[in-house]
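The structure appears right after this line, and notes come after that.
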Amino acid sequence: IFKPIPDKIRVLRDEIFTAGGALSPQAKGETLDLAREEGARIKVLNGAYGVPQATGLAARTQQYFASQGLNIVGVDNANELRDQTKLVVHAPSLYAMRYFMEEIPNLRVVFRVDAAADSDLDL
């Protein structure tokens with residue numbers, strides 16, 4: 001059973017139907033600018049560990065995306081080897097997702113919604 005909370009509905013309405021701000025469906029601008037404004041918490045995971053060229057890959061990736069103004073909250077090794085870049089979505093961060101999809105060829109997007117996750121996106 002869902003019980004609507006009128007004050008929360010008004011806030012959501014204002015966020016969705018406003019003409020400005022990163023959350024607006026009418027938001028205009030460069031994807032990177034919108035992703036910065038959105039402020040998604042992004043964790044960078046190295047899934048290519050064990051390969052000599054991959055040493056420090058997550059840290060270099062973190063430095064690059066941080067220099068782009070994105071909110072990188074952590075760097076670690078992935079718990080699996082990966083043969084392609086994977087973006088794991090824990091919480092909706094539409095502009096950050098779009099930015100990564102534009103920047104990274106053959107990006108694999110996986111949805112694992114988890115409100116308790118310490119990041120919105122794992123790359």
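Labels for the structure tokens follow display order: chains A, B, ..., residues from 1 in each chain, ligands from 1.
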Discussion item. Please list as a list in words every residue within 8 Å of Arg41 of chain A, counting only C-alpha atoms and excluding residues in the same chain fewer than 2 positions away.
Written reply: Gly39, Lys43, Asn71, Ile72, Val73, Asp118, Ser119, Asp120 and Leu121 of chain A
Can you write just those residues out, N, CA, C and O atoms, as a PDB file, in the first residue's frame?
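Contents of the output file again.pdb:
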ATOM      1  N   GLY A  39      25.778  16.084  -9.795  1.00  0.00           N
ATOM      2  CA  GLY A  39      26.555  15.699  -8.616  1.00  0.00           C
ATOM      3  C   GLY A  39      26.508  14.235  -8.235  1.00  0.00           C
ATOM      4  O   GLY A  39      26.618  13.890  -7.063  1.00  0.00           O
ATOM      5  N   LYS A  43      32.017   5.894  -8.219  1.00  0.00           N
ATOM      6  CA  LYS A  43      33.150   5.093  -7.762  1.00  0.00           C
ATOM      7  C   LYS A  43      33.793   4.467  -8.993  1.00  0.00           C
ATOM      8  O   LYS A  43      33.103   3.926  -9.863  1.00  0.00           O
ATOM      9  N   ASN A  71      32.089  14.059  -9.497  1.00  0.00           N
ATOM     10  CA  ASN A  71      32.197  13.758  -8.072  1.00  0.00           C
ATOM     11  C   ASN A  71      32.642  12.308  -7.880  1.00  0.00           C
ATOM     12  O   ASN A  71      31.818  11.404  -7.761  1.00  0.00           O
ATOM     13  N   ILE A  72      33.956  12.077  -7.840  1.00  0.00           N
ATOM     14  CA  ILE A  72      34.503  10.733  -7.655  1.00  0.00           C
ATOM     15  C   ILE A  72      34.652  10.492  -6.157  1.00  0.00           C
ATOM     16  O   ILE A  72      35.405  11.199  -5.485  1.00  0.00           O
ATOM     17  N   VAL A  73      33.934   9.506  -5.633  1.00  0.00           N
ATOM     18  CA  VAL A  73      33.918   9.261  -4.187  1.00  0.00           C
ATOM     19  C   VAL A  73      34.783   8.081  -3.762  1.00  0.00           C
ATOM     20  O   VAL A  73      34.950   7.851  -2.569  1.00  0.00           O
ATOM     21  N   ASP A 118      27.041   3.158  -1.398  1.00  0.00           N
ATOM     22  CA  ASP A 118      27.850   4.333  -1.087  1.00  0.00           C
ATOM     23  C   ASP A 118      28.198   5.149  -2.331  1.00  0.00           C
ATOM     24  O   ASP A 118      28.940   6.121  -2.257  1.00  0.00           O
ATOM     25  N   SER A 119      27.661   4.746  -3.471  1.00  0.00           N
ATOM     26  CA  SER A 119      27.844   5.494  -4.709  1.00  0.00           C
ATOM     27  C   SER A 119      26.568   5.367  -5.551  1.00  0.00           C
ATOM     28  O   SER A 119      25.787   4.438  -5.367  1.00  0.00           O
ATOM     29  N   ASP A 120      26.394   6.313  -6.461  1.00  0.00           N
ATOM     30  CA  ASP A 120      25.248   6.252  -7.371  1.00  0.00           C
ATOM     31  C   ASP A 120      25.609   5.420  -8.600  1.00  0.00           C
ATOM     32  O   ASP A 120      24.765   4.710  -9.146  1.00  0.00           O
ATOM     33  N   LEU A 121      26.868   5.535  -9.027  1.00  0.00           N
ATOM     34  CA  LEU A 121      27.350   4.827 -10.205  1.00  0.00           C
ATOM     35  C   LEU A 121      28.708   4.213  -9.901  1.00  0.00           C
ATOM     36  O   LEU A 121      29.556   4.856  -9.279  1.00  0.00           O
TER      37      LEU A 121
END
Worksheet item: atom CA of Thr61 of chain A and atom CA of Arg98 of chain A, how far apart in Å?
Response: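 About the pair atom CA of Arg98 of chain A and atom CA of Thr61 of chain A: they are 17.5 Å apart.
The residues of chain A that DSSP assigns to strand (DSSP E) on this backbone come out as Arg41, Ile42, Lys43, Val44, Leu45, Asn46, Asn71, Ile72, Val73, Gly74, Val75, Asp76, Asn77, Lys86, Leu87, Val88, Val89, Arg108, Val109, Val110, Phe111, Leu121 and Asp122 of chain A.
The two atoms in question, atom CA of Val109 of chain A and atom CA of Leu87 of chain A, are spaced 4.8 Å apart.
Residues lying within 12 Å of Glu103 of chain A, counting only C-alpha atoms and ignoring same-chain neighbours fewer than 6 positions away, are Thr31, Leu32, Phe65, Thr85, Ala96 and Met97 of chain A.
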Worksheet item: Could you pull the residues within 10 Å of Leu94 of chain A, counting only C-alpha atoms, minus those fewer than 4 positions along the same chain, as a list of chain:residue names?
Response: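 Skipping anything fewer than 4 positions along the chain leaves A:Ala22, A:Leu23, A:Thr31, A:Leu34, A:Ala35, A:Glu38, A:Ala40, A:Val89, A:Arg98, A:Tyr99.
Of note, atom CA of Val75 of chain A and atom CA of Pro105 of chain A are spaced 21.3 Å apart.
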Practice prompt. Assign secondary structure with DSSP using the backbone only, and return the residues of chain A in alpha helix (DSSP H) as a count of residues only.
Written response: 40
